[in-house]
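Structure data follow from protein.txt (compact mmCIF, C-alpha atoms and all ligand atoms):
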# COMPACT_ATOMS: atom_id res chain seq x y z
CA MET F 22 0.00 0.00 0.00
CA GLU F 23 1.20 3.50 -0.76
CA LYS F 24 2.09 5.46 2.33
CA ASN F 25 0.35 8.67 3.25
CA ILE F 26 2.61 11.69 3.26
CA LEU F 27 3.49 12.70 6.78
CA GLU F 28 5.45 15.89 7.20
CA HIS F 29 3.51 17.95 9.67
CA ILE F 30 1.61 17.20 12.89
CA ALA F 31 -0.46 19.82 14.71
CA ILE F 32 -1.48 19.35 18.35
CA ILE F 33 -4.01 21.14 20.55
CA MET F 34 -2.39 20.46 23.93
CA ASP F 35 -5.49 20.42 26.11
CA GLY F 36 -6.35 19.14 29.58
CA ASN F 37 -3.58 20.56 31.79
CA GLY F 38 -6.05 21.99 34.29
CA ARG F 39 -8.15 18.81 34.57
CA TRP F 40 -5.01 16.67 34.89
CA ALA F 41 -3.94 18.76 37.90
CA LEU F 42 -7.40 18.92 39.51
CA SER F 43 -7.80 15.15 39.23
CA ARG F 44 -4.65 14.87 41.38
CA GLY F 45 -5.74 17.50 43.88
CA LEU F 46 -3.09 19.92 42.53
CA PRO F 47 -3.47 23.55 41.41
CA ARG F 48 -4.13 24.03 37.65
CA THR F 49 -0.71 25.59 37.28
CA ALA F 50 0.94 22.26 38.21
CA GLY F 51 -0.70 20.89 35.07
CA HIS F 52 0.78 23.65 32.94
CA LYS F 53 4.22 22.92 34.36
CA LYS F 54 4.02 19.22 33.58
CA GLY F 55 2.51 20.11 30.20
CA ALA F 56 5.56 22.19 29.27
CA GLU F 57 7.85 19.26 30.14
CA VAL F 58 5.77 16.93 28.00
CA LEU F 59 6.08 19.37 25.10
CA LEU F 60 9.87 19.00 25.22
CA GLU F 61 9.56 15.21 25.29
CA ILE F 62 7.12 15.10 22.40
CA SER F 63 9.23 17.52 20.31
CA LYS F 64 12.17 15.15 20.65
CA ALA F 65 10.05 12.05 20.01
CA ALA F 66 8.48 13.57 16.88
CA LYS F 67 11.90 14.46 15.50
CA GLN F 68 13.10 10.90 16.15
CA MET F 69 10.07 9.58 14.25
CA GLY F 70 11.06 11.72 11.30
CA VAL F 71 8.29 14.32 11.60
CA LYS F 72 9.60 17.48 9.99
CA TYR F 73 7.13 19.98 11.41
CA LEU F 74 5.30 20.00 14.72
CA THR F 75 2.89 22.84 15.50
CA VAL F 76 1.49 23.11 19.01
CA TYR F 77 -1.26 25.30 20.40
CA ALA F 78 0.19 26.68 23.63
CA PHE F 79 -1.94 29.77 24.29
CA SER F 80 -4.91 31.12 22.36
CA THR F 81 -6.08 34.73 21.98
CA GLU F 82 -9.15 33.61 23.97
CA ASN F 83 -6.89 32.39 26.80
CA TRP F 84 -6.12 36.03 27.67
CA LYS F 85 -9.62 36.05 29.21
CA ARG F 86 -8.67 33.52 31.91
CA SER F 87 -8.09 34.75 35.49
CA LYS F 88 -5.21 37.18 35.94
CA ASP F 89 -3.59 34.67 38.28
CA GLU F 90 -3.60 31.89 35.70
CA VAL F 91 -2.39 34.17 32.88
CA ASP F 92 0.42 35.52 35.09
CA THR F 93 1.50 32.01 36.05
CA LEU F 94 1.48 30.91 32.41
CA MET F 95 3.60 33.92 31.39
CA GLY F 96 5.97 33.17 34.29
CA LEU F 97 6.36 29.58 33.14
CA LEU F 98 6.93 30.71 29.59
CA ARG F 99 9.63 33.10 30.78
CA GLN F 100 11.33 30.30 32.69
CA TYR F 101 11.13 27.83 29.81
CA LEU F 102 12.40 30.36 27.28
CA SER F 103 15.40 31.22 29.47
CA LYS F 104 16.34 27.70 30.45
CA ASP F 105 14.56 24.53 29.46
CA PHE F 106 13.92 25.33 25.79
CA ASN F 107 17.67 25.60 25.30
CA GLU F 108 17.56 21.84 25.10
CA LEU F 109 15.86 22.30 21.75
CA VAL F 110 18.90 24.22 20.54
CA SER F 111 21.16 21.27 21.36
CA GLN F 112 18.63 18.83 19.88
CA GLY F 113 18.90 20.64 16.55
CA ILE F 114 15.26 21.72 16.47
CA ARG F 115 14.26 25.03 14.87
CA VAL F 116 11.73 26.99 16.92
CA ARG F 117 9.24 29.46 15.44
CA PHE F 118 6.40 31.30 17.12
CA ILE F 119 3.10 32.21 15.49
CA GLY F 120 0.44 34.50 16.91
CA GLU F 121 -0.24 38.08 17.90
CA ARG F 122 3.09 39.13 19.29
CA ASP F 123 1.91 42.62 20.30
CA MET F 124 -0.12 41.16 23.14
CA LEU F 125 2.91 39.52 24.83
CA PRO F 126 5.18 41.18 27.44
CA SER F 127 8.30 42.71 25.87
CA ASP F 128 10.86 40.64 27.80
CA ILE F 129 9.15 37.44 26.61
CA LEU F 130 9.09 38.74 23.04
CA GLU F 131 12.79 39.38 23.25
CA LYS F 132 13.50 35.84 24.46
CA MET F 133 11.27 34.40 21.73
CA GLY F 134 13.27 36.34 19.13
CA GLU F 135 16.54 35.07 20.61
CA LEU F 136 15.41 31.44 20.51
CA GLU F 137 14.22 31.81 16.90
CA GLU F 138 17.55 33.36 15.96
CA LYS F 139 19.62 30.70 17.76
CA THR F 140 17.80 27.84 16.07
CA LYS F 141 17.13 29.27 12.62
CA ASP F 142 19.65 27.05 10.83
CA ASN F 143 18.28 23.78 12.22
CA LEU F 144 16.51 22.56 9.14
CA GLN F 145 15.89 18.94 10.11
CA ALA F 146 12.92 19.58 12.38
CA THR F 147 10.79 22.61 13.20
CA LEU F 148 8.70 23.21 16.30
CA GLN F 149 6.13 25.91 15.66
CA VAL F 150 4.57 27.24 18.85
CA ALA F 151 1.22 29.04 18.60
CA LEU F 152 1.23 31.67 21.36
CA SER F 153 -1.46 34.30 21.67
CA TYR F 154 -2.73 32.71 18.47
CA GLY F 155 -6.19 32.91 16.92
CA SER F 156 -6.92 31.66 13.43
CA ARG F 157 -9.64 34.18 12.54
CA ALA F 158 -7.37 37.05 13.55
CA GLU F 159 -4.61 35.50 11.41
CA ILE F 160 -6.94 35.34 8.39
CA VAL F 161 -8.14 38.93 8.91
CA GLN F 162 -4.51 40.08 9.16
CA ALA F 163 -3.78 38.26 5.85
CA VAL F 164 -6.74 39.99 4.17
CA LYS F 165 -5.36 43.34 5.32
CA GLY F 166 -1.96 42.38 3.92
CA VAL F 167 -3.44 41.55 0.52
CA ALA F 168 -5.53 44.74 0.51
CA SER F 169 -2.55 46.95 1.23
CA LYS F 170 -0.46 45.25 -1.47
CA ILE F 171 -3.22 45.96 -3.96
CA LYS F 172 -3.58 49.53 -2.75
CA ASN F 173 0.16 50.10 -3.17
CA GLY F 174 0.08 48.57 -6.64
CA ASP F 175 2.32 45.62 -5.62
CA MET F 176 -0.34 43.04 -6.50
CA SER F 177 -3.33 42.81 -8.82
CA ILE F 178 -6.70 41.25 -7.94
CA LYS F 179 -5.99 38.56 -10.55
CA GLU F 180 -2.93 37.48 -8.59
CA ILE F 181 -4.96 36.58 -5.49
CA ASP F 182 -5.12 32.81 -5.27
CA GLU F 183 -4.74 30.13 -2.59
CA LYS F 184 -0.97 30.26 -2.80
CA THR F 185 -0.56 34.05 -2.65
CA PHE F 186 -3.12 34.20 0.16
CA ALA F 187 -1.44 31.43 2.19
CA ASP F 188 1.82 33.37 1.82
CA MET F 189 0.27 36.11 3.96
CA LEU F 190 -0.43 33.74 6.88
CA TYR F 191 1.96 33.23 9.81
CA THR F 192 2.55 29.69 8.57
CA LYS F 193 3.92 30.66 5.17
CA ASP F 194 6.73 28.36 3.96
CA ILE F 195 5.41 25.46 6.07
CA PRO F 196 3.27 22.72 4.48
CA ASP F 197 -0.25 22.24 5.87
CA PRO F 198 -0.62 19.75 8.75
CA ASP F 199 -1.35 16.15 7.73
CA ILE F 200 -2.56 15.22 11.22
CA LEU F 201 -4.38 17.18 13.92
CA ILE F 202 -4.41 15.75 17.44
CA ARG F 203 -6.47 17.17 20.30
CA THR F 204 -5.97 15.71 23.75
CA SER F 205 -8.37 15.65 26.75
CA GLY F 206 -11.48 14.39 24.94
CA GLU F 207 -12.68 17.76 23.60
CA GLN F 208 -13.65 17.68 19.94
CA ARG F 209 -13.42 21.22 18.64
CA LEU F 210 -10.87 23.43 16.93
CA SER F 211 -10.99 26.39 19.33
CA ASN F 212 -9.87 28.79 16.57
CA PHE F 213 -6.74 26.81 15.58
CA LEU F 214 -5.35 26.81 12.01
CA LEU F 215 -8.77 27.00 10.30
CA TRP F 216 -7.28 27.55 6.86
CA GLN F 217 -4.32 25.19 7.21
CA LEU F 218 -6.31 22.18 8.51
CA ALA F 219 -8.54 22.02 5.42
CA TYR F 220 -7.38 18.48 4.58
CA ALA F 221 -5.88 17.15 7.84
CA GLU F 222 -6.87 13.83 9.43
CA PHE F 223 -8.30 14.45 12.90
CA PHE F 224 -7.47 12.38 15.99
CA PHE F 225 -9.23 13.13 19.28
CA VAL F 226 -7.77 11.28 22.25
CA ASP F 227 -9.02 11.20 25.85
CA THR F 228 -5.54 11.48 27.41
CA TYR F 229 -4.89 14.75 29.21
CA TRP F 230 -1.89 16.51 27.67
CA PRO F 231 0.42 16.02 30.72
CA ASP F 232 -0.05 12.23 30.31
CA PHE F 233 0.55 12.19 26.54
CA THR F 234 3.58 10.10 25.48
CA GLY F 235 5.76 9.42 22.47
CA GLU F 236 4.23 5.92 22.40
CA GLU F 237 0.72 7.38 21.97
CA LEU F 238 2.03 9.64 19.21
CA LYS F 239 3.49 6.57 17.49
CA GLN F 240 0.13 4.77 17.67
CA ILE F 241 -1.64 7.75 16.12
CA ILE F 242 0.89 7.82 13.28
CA GLU F 243 0.28 4.11 12.68
CA LYS F 244 -3.49 4.68 12.53
CA TYR F 245 -2.98 7.59 10.18
CA GLN F 246 -1.03 5.32 7.84
CA LYS F 247 -4.06 3.00 7.69
CA ARG F 248 -6.50 5.75 6.77
CA ASP F 249 -7.43 5.95 3.11
CA ARG F 250 -6.69 9.41 1.83
CA ARG F 251 -7.64 10.58 -1.64
CA TYR F 252 -5.12 13.32 -1.36
CA GLY F 253 -1.60 13.43 0.00
CA LYS F 254 -0.16 10.07 -1.03
CA ASN F 255 3.54 9.46 -1.55
C1 LIG F 301 -4.45 23.58 27.94
O1 LIG F 301 -4.96 23.11 29.15
C2 LIG F 301 -3.38 24.61 28.14
C3 LIG F 301 -3.82 25.99 27.90
C4 LIG F 301 -4.93 26.35 27.35
C5 LIG F 301 -2.89 27.04 28.33
P1 LIG F 301 -6.20 23.81 29.86
O2 LIG F 301 -5.69 24.87 30.77
O3 LIG F 301 -7.18 24.26 28.84
O4 LIG F 301 -6.77 22.62 30.72
P2 LIG F 301 -8.31 22.22 30.91
O5 LIG F 301 -8.91 22.13 29.54
O6 LIG F 301 -8.91 23.30 31.71
O7 LIG F 301 -8.25 20.92 31.61
C1 LIG F 302 -7.35 25.58 23.29
O1 LIG F 302 -7.67 25.03 24.52
C2 LIG F 302 -6.10 26.37 23.39
C3 LIG F 302 -4.93 25.63 23.84
C4 LIG F 302 -4.81 24.36 24.02
C5 LIG F 302 -3.78 26.45 24.07
P1 LIG F 302 -8.75 25.69 25.48
O2 LIG F 302 -8.91 24.77 26.61
O3 LIG F 302 -8.35 27.08 25.81
O4 LIG F 302 -10.03 25.74 24.54
P2 LIG F 302 -11.55 25.82 24.90
O5 LIG F 302 -11.73 27.08 25.68
O6 LIG F 302 -11.86 24.61 25.74
O7 LIG F 302 -12.26 25.81 23.59
MG MG F 303 -8.80 23.38 27.95
Starting from the coordinates I provided, produce the structure as structure tokens.
Ligand code: IPE
Ligand code: IPE
Ligand code: MG
Amino acid sequence: MEKNILEHIAIIMDGNGRWALSRGLPRTAGHKKGAEVLLEISKAAKQMGVKYLTVYAFSTENWKRSKDEVDTLMGLLRQYLSKDFNELVSQGIRVRFIGERDMLPSDILEKMGELEEKTKDNLQATLQVALSYGSRAEIVQAVKGVASKIKNGDMSIKEIDEKTFADMLYTKDIPDPDILIRTSGEQRLSNFLLWQLAYAEFFFVDTYWPDFTGEELKQIIEKYQKRDRRYGKN
């Protein structure tokens, strides 16, 4: 049987809060474990030959959570960007961030830029982290980009097509995901990659993100290879 192309996996890392509550711990303990699992899964995906991994870490809607939770999440992010994510540098993984950067604190933005710069030549595997990300906002921003190109005379209406439009999205230069995984039993997109997931295979698993393992990822990949796709065969 021909194999399905597998270059890119997208994951909605959900269930940190419920994982913690089910153990009698504060929600933030779940976020902490969740960040560790992200490092593990990034390494595992690279070992399995996955070229691109995109993870939903924080949505534009997540800004509406309690100030306490948002502050803790930003604190964890700060800590991971300064220390733990350096492991990705030594693992040879390129890191990119997508989302509305303006909403993030400036010291975090600076660290994000540094990590992107330090890892930019790692071409074997890319980890794309969606932070302060919302897909509708991304699409609206792309529409504005196209409109201003036309206004400036840099593009004609005839030139608007799927390719030129996709080039205005944060994800330009990265192929669309082949697989979408959402953990924790929820079955919705929560404003994640609406354009890019047009043809992805969806996998919803009950595992809370902090319990997700490389072994479970491997099983999903095996199931994906058994699905019959009309599009995207090698
Ligand atoms: C996902 O876990 C991580 C973030 C959204 C930051 P949640 O925090 O949504 O955990 P649940 O869904 O409440 O269990
Ligand atoms: C989606 O999860 C965003 C992330 C995993 C970062 P949420 O838990 O925030 O989504 P909803 O609110 O349940 O749709
Ligand atoms: Mg959730």
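Nearest residue to His52 of chain F among F:Phe106, F:Trp216, F:Tyr229, F:Tyr252 is F:Tyr229, counting all atoms listed in the file.
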Using all atoms listed in the file, which residues sit within 9 Å of Leu215 of chain F once same-chain residues fewer than 2 positions away are excluded, as a PyMOL selection string? chain F and resi 156-157+160+210+212-213+217-219
Show me which residues line ligand LIG 302 (chain F), defined as having an atom within 10 Å of a ligand atom where only C-alpha atoms and all ligand atoms count, and present them as a PyMOL selection string. chain F and resi 32-39+76-86+150-155+203-205+207-213+230
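Neighbouring residues of Asn107 of chain F at 12 Å or closer, counting all atoms listed in the file and skipping chain neighbours under 2 positions away, are Leu60, Gln100, Tyr101, Leu102, Ser103, Lys104, Asp105, Leu109, Val110, Ser111, Gln112, Gly113, Ile114, Arg115, Val116, Lys132, Met133, Glu135, Leu136, Glu137, Lys139 and Thr140 of chain F.
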Judged by all atoms listed in the file, the minimum distance to ligand MG 303 (chain F) among F:Gly206, F:Val161, F:Leu94, F:Ala146 is found for F:Gly206
